[in-house]
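The file my_file38.cif comes next; it holds mmCIF, N, CA and C atoms.
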```cif
data_my_file
#
loop_
_atom_site.label_atom_id
_atom_site.label_comp_id
_atom_site.auth_asym_id
_atom_site.auth_seq_id
_atom_site.Cartn_x
_atom_site.Cartn_y
_atom_site.Cartn_z
N TYR O 1 141.95 152.99 81.58
CA TYR O 1 141.40 153.74 80.47
C TYR O 1 142.17 155.03 80.32
N THR O 2 142.53 155.34 79.10
CA THR O 2 143.12 156.64 78.82
C THR O 2 142.47 157.22 77.58
N GLU O 3 142.49 158.51 77.46
CA GLU O 3 141.93 159.15 76.28
C GLU O 3 142.80 158.89 75.05
N GLN O 4 144.07 158.58 75.25
CA GLN O 4 144.96 158.37 74.13
C GLN O 4 144.84 156.98 73.51
N LYS O 5 144.33 156.02 74.24
CA LYS O 5 144.27 154.64 73.75
C LYS O 5 142.82 154.24 73.60
N PHE O 6 142.32 154.30 72.38
CA PHE O 6 140.93 153.97 72.12
C PHE O 6 140.84 152.63 71.41
N LEU O 7 140.17 151.68 72.03
CA LEU O 7 140.04 150.34 71.45
C LEU O 7 138.59 150.02 71.10
N GLY O 8 137.73 151.00 71.13
CA GLY O 8 136.31 150.76 70.90
C GLY O 8 135.55 151.00 72.18
N HIS O 9 134.25 151.09 72.04
CA HIS O 9 133.41 151.38 73.21
C HIS O 9 132.99 150.12 73.93
N SER O 10 132.83 150.26 75.24
CA SER O 10 132.34 149.16 76.08
C SER O 10 131.72 149.77 77.33
N SER O 11 131.21 148.92 78.19
CA SER O 11 130.62 149.40 79.43
C SER O 11 131.65 150.10 80.31
N ALA O 12 132.92 149.82 80.14
CA ALA O 12 133.97 150.49 80.92
C ALA O 12 133.97 151.99 80.67
N ASP O 13 133.43 152.41 79.53
CA ASP O 13 133.33 153.84 79.26
C ASP O 13 132.46 154.55 80.30
N TYR O 14 131.56 153.82 80.93
CA TYR O 14 130.73 154.43 81.97
C TYR O 14 131.60 154.94 83.12
N LEU O 15 132.65 154.21 83.46
CA LEU O 15 133.54 154.65 84.53
C LEU O 15 134.23 155.96 84.15
N TYR O 16 134.69 156.03 82.92
CA TYR O 16 135.32 157.25 82.42
C TYR O 16 134.33 158.41 82.49
N LEU O 17 133.13 158.20 82.02
CA LEU O 17 132.11 159.24 82.01
C LEU O 17 131.73 159.65 83.43
N SER O 18 131.71 158.70 84.34
CA SER O 18 131.40 159.01 85.74
C SER O 18 132.47 159.90 86.37
N VAL O 19 133.72 159.63 86.03
CA VAL O 19 134.82 160.47 86.54
C VAL O 19 134.69 161.88 85.98
N LEU O 20 134.38 161.97 84.70
CA LEU O 20 134.18 163.30 84.10
C LEU O 20 133.04 164.04 84.80
N ARG O 21 131.98 163.32 85.12
CA ARG O 21 130.84 163.96 85.81
C ARG O 21 131.27 164.45 87.19
N GLU O 22 132.06 163.65 87.90
CA GLU O 22 132.54 164.07 89.22
C GLU O 22 133.42 165.31 89.12
N GLN O 23 134.08 165.48 88.00
CA GLN O 23 134.95 166.62 87.78
C GLN O 23 134.21 167.80 87.13
N ASN O 24 132.89 167.64 86.97
CA ASN O 24 132.06 168.68 86.34
C ASN O 24 132.52 169.02 84.93
N ARG O 25 132.97 168.03 84.20
CA ARG O 25 133.44 168.22 82.82
C ARG O 25 132.34 167.79 81.85
N TYR O 26 131.22 168.46 81.94
CA TYR O 26 130.02 168.09 81.18
C TYR O 26 130.19 168.25 79.67
N GLU O 27 130.97 169.24 79.26
CA GLU O 27 131.20 169.42 77.82
C GLU O 27 131.92 168.21 77.23
N LYS O 28 132.89 167.69 77.96
CA LYS O 28 133.63 166.50 77.52
C LYS O 28 132.70 165.28 77.46
N ILE O 29 131.80 165.17 78.43
CA ILE O 29 130.82 164.08 78.43
C ILE O 29 129.95 164.19 77.19
N ASP O 30 129.45 165.38 76.91
CA ASP O 30 128.58 165.58 75.74
C ASP O 30 129.28 165.20 74.45
N ILE O 31 130.53 165.60 74.30
CA ILE O 31 131.28 165.27 73.10
C ILE O 31 131.44 163.76 72.96
N PHE O 32 131.82 163.11 74.06
CA PHE O 32 132.03 161.66 74.04
C PHE O 32 130.74 160.93 73.69
N ILE O 33 129.65 161.29 74.36
CA ILE O 33 128.36 160.65 74.12
C ILE O 33 127.89 160.88 72.68
N ASN O 34 128.04 162.10 72.19
CA ASN O 34 127.62 162.39 70.82
C ASN O 34 128.40 161.58 69.80
N GLU O 35 129.72 161.46 69.99
CA GLU O 35 130.53 160.67 69.07
C GLU O 35 130.16 159.19 69.13
N TRP O 36 129.95 158.68 70.33
CA TRP O 36 129.56 157.28 70.50
C TRP O 36 128.20 157.05 69.85
N GLY O 37 127.28 157.95 70.07
CA GLY O 37 125.95 157.84 69.50
C GLY O 37 125.96 157.85 67.97
N LYS O 38 126.84 158.63 67.40
CA LYS O 38 126.94 158.67 65.93
C LYS O 38 127.49 157.36 65.39
N SER O 39 128.46 156.77 66.09
CA SER O 39 129.09 155.55 65.60
C SER O 39 128.28 154.29 65.90
N ALA O 40 127.46 154.31 66.94
CA ALA O 40 126.71 153.10 67.31
C ALA O 40 125.41 153.47 68.03
N PRO O 41 124.47 154.12 67.33
CA PRO O 41 123.25 154.59 68.01
C PRO O 41 122.36 153.48 68.55
N ASP O 42 122.48 152.28 68.02
CA ASP O 42 121.63 151.17 68.47
C ASP O 42 122.31 150.29 69.51
N ASP O 43 123.53 150.63 69.91
CA ASP O 43 124.28 149.85 70.88
C ASP O 43 123.60 149.94 72.25
N ASN O 44 123.25 148.81 72.80
CA ASN O 44 122.56 148.80 74.10
C ASN O 44 123.45 149.29 75.23
N VAL O 45 124.74 149.06 75.14
CA VAL O 45 125.65 149.57 76.17
C VAL O 45 125.66 151.10 76.13
N PHE O 46 125.67 151.65 74.92
CA PHE O 46 125.58 153.11 74.76
C PHE O 46 124.29 153.63 75.40
N LYS O 47 123.19 152.98 75.09
CA LYS O 47 121.89 153.41 75.63
C LYS O 47 121.89 153.32 77.16
N TRP O 48 122.49 152.25 77.69
CA TRP O 48 122.55 152.07 79.15
C TRP O 48 123.38 153.18 79.79
N CYS O 49 124.55 153.43 79.23
CA CYS O 49 125.42 154.49 79.78
C CYS O 49 124.70 155.83 79.76
N LYS O 50 124.05 156.13 78.67
CA LYS O 50 123.33 157.40 78.55
C LYS O 50 122.21 157.48 79.59
N ALA O 51 121.45 156.41 79.76
CA ALA O 51 120.38 156.40 80.75
C ALA O 51 120.95 156.57 82.16
N MET O 52 122.06 155.91 82.45
CA MET O 52 122.68 156.04 83.78
C MET O 52 123.15 157.46 84.03
N LEU O 53 123.75 158.09 83.04
CA LEU O 53 124.22 159.47 83.20
C LEU O 53 123.07 160.43 83.42
N GLN O 54 121.90 160.10 82.87
CA GLN O 54 120.71 160.93 83.03
C GLN O 54 119.91 160.54 84.28
N ASN O 55 120.48 159.63 85.08
CA ASN O 55 119.82 159.11 86.29
C ASN O 55 118.45 158.51 85.99
N ASN O 56 118.31 157.94 84.81
CA ASN O 56 117.07 157.27 84.42
C ASN O 56 117.24 155.78 84.70
N MET O 57 117.14 155.43 85.98
CA MET O 57 117.41 154.07 86.41
C MET O 57 116.38 153.06 85.86
N GLU O 58 115.17 153.50 85.70
CA GLU O 58 114.13 152.61 85.16
C GLU O 58 114.48 152.19 83.72
N GLU O 59 114.89 153.15 82.92
CA GLU O 59 115.27 152.86 81.53
C GLU O 59 116.54 152.00 81.50
N ALA O 60 117.51 152.32 82.33
CA ALA O 60 118.75 151.55 82.39
C ALA O 60 118.46 150.10 82.75
N LYS O 61 117.57 149.88 83.69
CA LYS O 61 117.21 148.52 84.11
C LYS O 61 116.61 147.73 82.94
N LYS O 62 115.77 148.37 82.14
CA LYS O 62 115.18 147.70 80.97
C LYS O 62 116.26 147.32 79.96
N ILE O 63 117.17 148.24 79.72
CA ILE O 63 118.22 148.02 78.72
C ILE O 63 119.16 146.90 79.14
N GLU O 64 119.41 146.77 80.44
CA GLU O 64 120.33 145.74 80.95
C GLU O 64 119.98 144.35 80.43
N THR O 65 118.72 144.08 80.25
CA THR O 65 118.29 142.74 79.83
C THR O 65 118.73 142.41 78.40
N PHE O 66 119.11 143.42 77.62
CA PHE O 66 119.51 143.21 76.23
C PHE O 66 121.02 143.16 76.04
N ILE O 67 121.78 143.36 77.09
CA ILE O 67 123.24 143.40 76.98
C ILE O 67 123.81 142.01 77.23
N ARG O 68 124.50 141.51 76.23
CA ARG O 68 125.13 140.19 76.31
C ARG O 68 126.45 140.30 77.06
N THR O 69 126.69 139.36 77.97
CA THR O 69 127.94 139.36 78.71
C THR O 69 128.81 138.15 78.36
N GLN O 70 128.29 137.26 77.54
CA GLN O 70 129.05 136.08 77.12
C GLN O 70 129.09 136.02 75.61
N SER O 71 130.27 135.71 75.08
CA SER O 71 130.43 135.59 73.64
C SER O 71 129.73 134.34 73.15
N GLY O 72 129.48 134.31 71.88
CA GLY O 72 128.84 133.15 71.28
C GLY O 72 128.83 133.27 69.78
N GLY O 73 127.98 132.53 69.17
CA GLY O 73 127.89 132.57 67.73
C GLY O 73 128.89 131.65 67.09
N THR O 74 129.20 131.94 65.85
CA THR O 74 130.14 131.14 65.07
C THR O 74 131.20 132.06 64.48
N PRO O 75 132.30 131.50 63.95
CA PRO O 75 133.31 132.37 63.35
C PRO O 75 132.76 133.24 62.21
N TRP O 76 131.79 132.76 61.49
CA TRP O 76 131.22 133.52 60.39
C TRP O 76 130.04 134.39 60.83
N ASP O 77 129.56 134.21 62.05
CA ASP O 77 128.47 135.01 62.58
C ASP O 77 128.67 135.19 64.09
N PRO O 78 129.73 135.93 64.46
CA PRO O 78 130.00 136.10 65.90
C PRO O 78 128.96 137.00 66.56
N GLN O 79 128.80 136.81 67.86
CA GLN O 79 127.90 137.65 68.63
C GLN O 79 128.74 138.48 69.59
N HIS O 80 128.59 139.78 69.49
CA HIS O 80 129.35 140.69 70.35
C HIS O 80 128.88 140.55 71.80
N ALA O 81 129.82 140.60 72.71
CA ALA O 81 129.50 140.55 74.13
C ALA O 81 130.37 141.56 74.88
N ASP O 82 129.90 141.99 76.03
CA ASP O 82 130.63 142.91 76.89
C ASP O 82 130.80 142.22 78.24
N PRO O 83 131.85 141.40 78.39
CA PRO O 83 132.01 140.61 79.62
C PRO O 83 132.21 141.44 80.88
N GLU O 84 132.64 142.70 80.74
CA GLU O 84 132.84 143.55 81.92
C GLU O 84 131.55 144.18 82.43
N PHE O 85 130.47 144.05 81.68
CA PHE O 85 129.24 144.76 82.03
C PHE O 85 128.74 144.43 83.43
N GLU O 86 128.79 143.18 83.83
CA GLU O 86 128.28 142.80 85.16
C GLU O 86 129.02 143.52 86.28
N ILE O 87 130.34 143.63 86.17
CA ILE O 87 131.10 144.33 87.21
C ILE O 87 130.85 145.84 87.14
N ILE O 88 130.69 146.38 85.94
CA ILE O 88 130.40 147.81 85.79
C ILE O 88 129.05 148.13 86.42
N LYS O 89 128.07 147.23 86.25
CA LYS O 89 126.76 147.43 86.89
C LYS O 89 126.90 147.53 88.40
N ILE O 90 127.71 146.65 88.96
CA ILE O 90 127.90 146.65 90.42
C ILE O 90 128.59 147.94 90.86
N VAL O 91 129.65 148.31 90.16
CA VAL O 91 130.38 149.52 90.50
C VAL O 91 129.49 150.75 90.36
N SER O 92 128.61 150.75 89.38
CA SER O 92 127.75 151.92 89.15
C SER O 92 126.79 152.18 90.31
N LYS O 93 126.59 151.19 91.16
CA LYS O 93 125.65 151.34 92.28
C LYS O 93 126.35 151.81 93.56
N ILE O 94 127.67 151.94 93.50
CA ILE O 94 128.43 152.42 94.66
C ILE O 94 128.26 153.94 94.72
N PRO O 95 127.81 154.47 95.86
CA PRO O 95 127.60 155.93 95.95
C PRO O 95 128.88 156.72 95.88
#
```
Turn the structure described in the file into structure tokens.
Amino acid sequence: YTEQKFLGHSSADYLYLSVLREQNRYEKIDIFINEWGKSAPDDNVFKWCKAMLQNNMEEAKKIETFIRTQSGGTPWDPQHADPEFEIIKIVSKIP
């Protein structure tokens, strides 16, 4: 992940935000979260990342059930999926 190459939001953004938190770069986190929230306020991955950053594990656990990790649908009605989410969940639990 780099700040210069933006391909859209995904659960991998949680890793970026976690690094920023470790570096105490809270202003950068706020800007990133606010921009993501404006572009996709109903995105469950966004909601999960935000809950995780706020250490609201109960809310994050609820949201996890709504995140698709496998693609599906049809060419005229595709269903968005975040295949990396399962590994990001595991990594997020490493202290």
Write out as a VMD selection string the set of residues from chain O that DSSP, computed on the backbone, places in strand (DSSP E).
chain O and resid 72 to 74 77 to 79
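Relative to atom CA of Glu58 of chain O, atom CA of His9 of chain O is found at 22.7 Å.
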Would you kindly return, as a ChimeraX atom specification, each protein, DNA or RNA residue with an atom no farther than 8 Å from any atom of segment 29-33 of chain O, considering only N, CA and C atoms and excluding same-chain residues fewer than 3 positions away?
/O:16-17,20-21,24-26,36-39,50
Who sits within 9 Å of Lys89 of chain O, only C-alpha atoms, same chain under 5 positions skipped, as a PyMOL selection string
chain O and resi 11+64+84
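One finds atom CA of Gly8 of chain O at 23.5 Å from atom N of Lys62 of chain O.
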So for segment 36-40 of chain O, what box centre and size do we get, axis-aligned, 8 Å extra on each of the six sides, every listed atom, Å to one decimal, as JSON?
```
{"center_x": 127.7, "center_y": 155.9, "center_z": 67.9, "size_x": 20.5, "size_y": 21.6, "size_z": 21.1}
```
Residue nearest Ser10 of chain O - candidates O:Glu35, O:Thr65, O:Ala81, O:Ser92, atoms counted: only N, CA and C atoms:
O:Ala81
Quick one, how far is atom C of Ile88 of chain O from atom C of Asn55 of chain O?
14.8 Å
List, as a compact mmCIF listing (two decimals) with N, CA and C atoms, in the coordinates of the input, every residue that the PyMOL selection byres ((chain O and resi 68) around 6) selects in the file provided.
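What landed in part.txt:
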```txt
# COMPACT_ATOMS: atom_id res chain seq x y z
N PHE O 66 119.11 143.42 77.62
CA PHE O 66 119.51 143.21 76.23
C PHE O 66 121.02 143.16 76.04
N ILE O 67 121.78 143.36 77.09
CA ILE O 67 123.24 143.40 76.98
C ILE O 67 123.81 142.01 77.23
N THR O 69 126.69 139.36 77.97
CA THR O 69 127.94 139.36 78.71
C THR O 69 128.81 138.15 78.36
N GLN O 70 128.29 137.26 77.54
CA GLN O 70 129.05 136.08 77.12
C GLN O 70 129.09 136.02 75.61
N HIS O 80 128.59 139.78 69.49
CA HIS O 80 129.35 140.69 70.35
C HIS O 80 128.88 140.55 71.80
N ALA O 81 129.82 140.60 72.71
CA ALA O 81 129.50 140.55 74.13
C ALA O 81 130.37 141.56 74.88
N ASP O 82 129.90 141.99 76.03
CA ASP O 82 130.63 142.91 76.89
C ASP O 82 130.80 142.22 78.24
N PRO O 83 131.85 141.40 78.39
CA PRO O 83 132.01 140.61 79.62
C PRO O 83 132.21 141.44 80.88
```
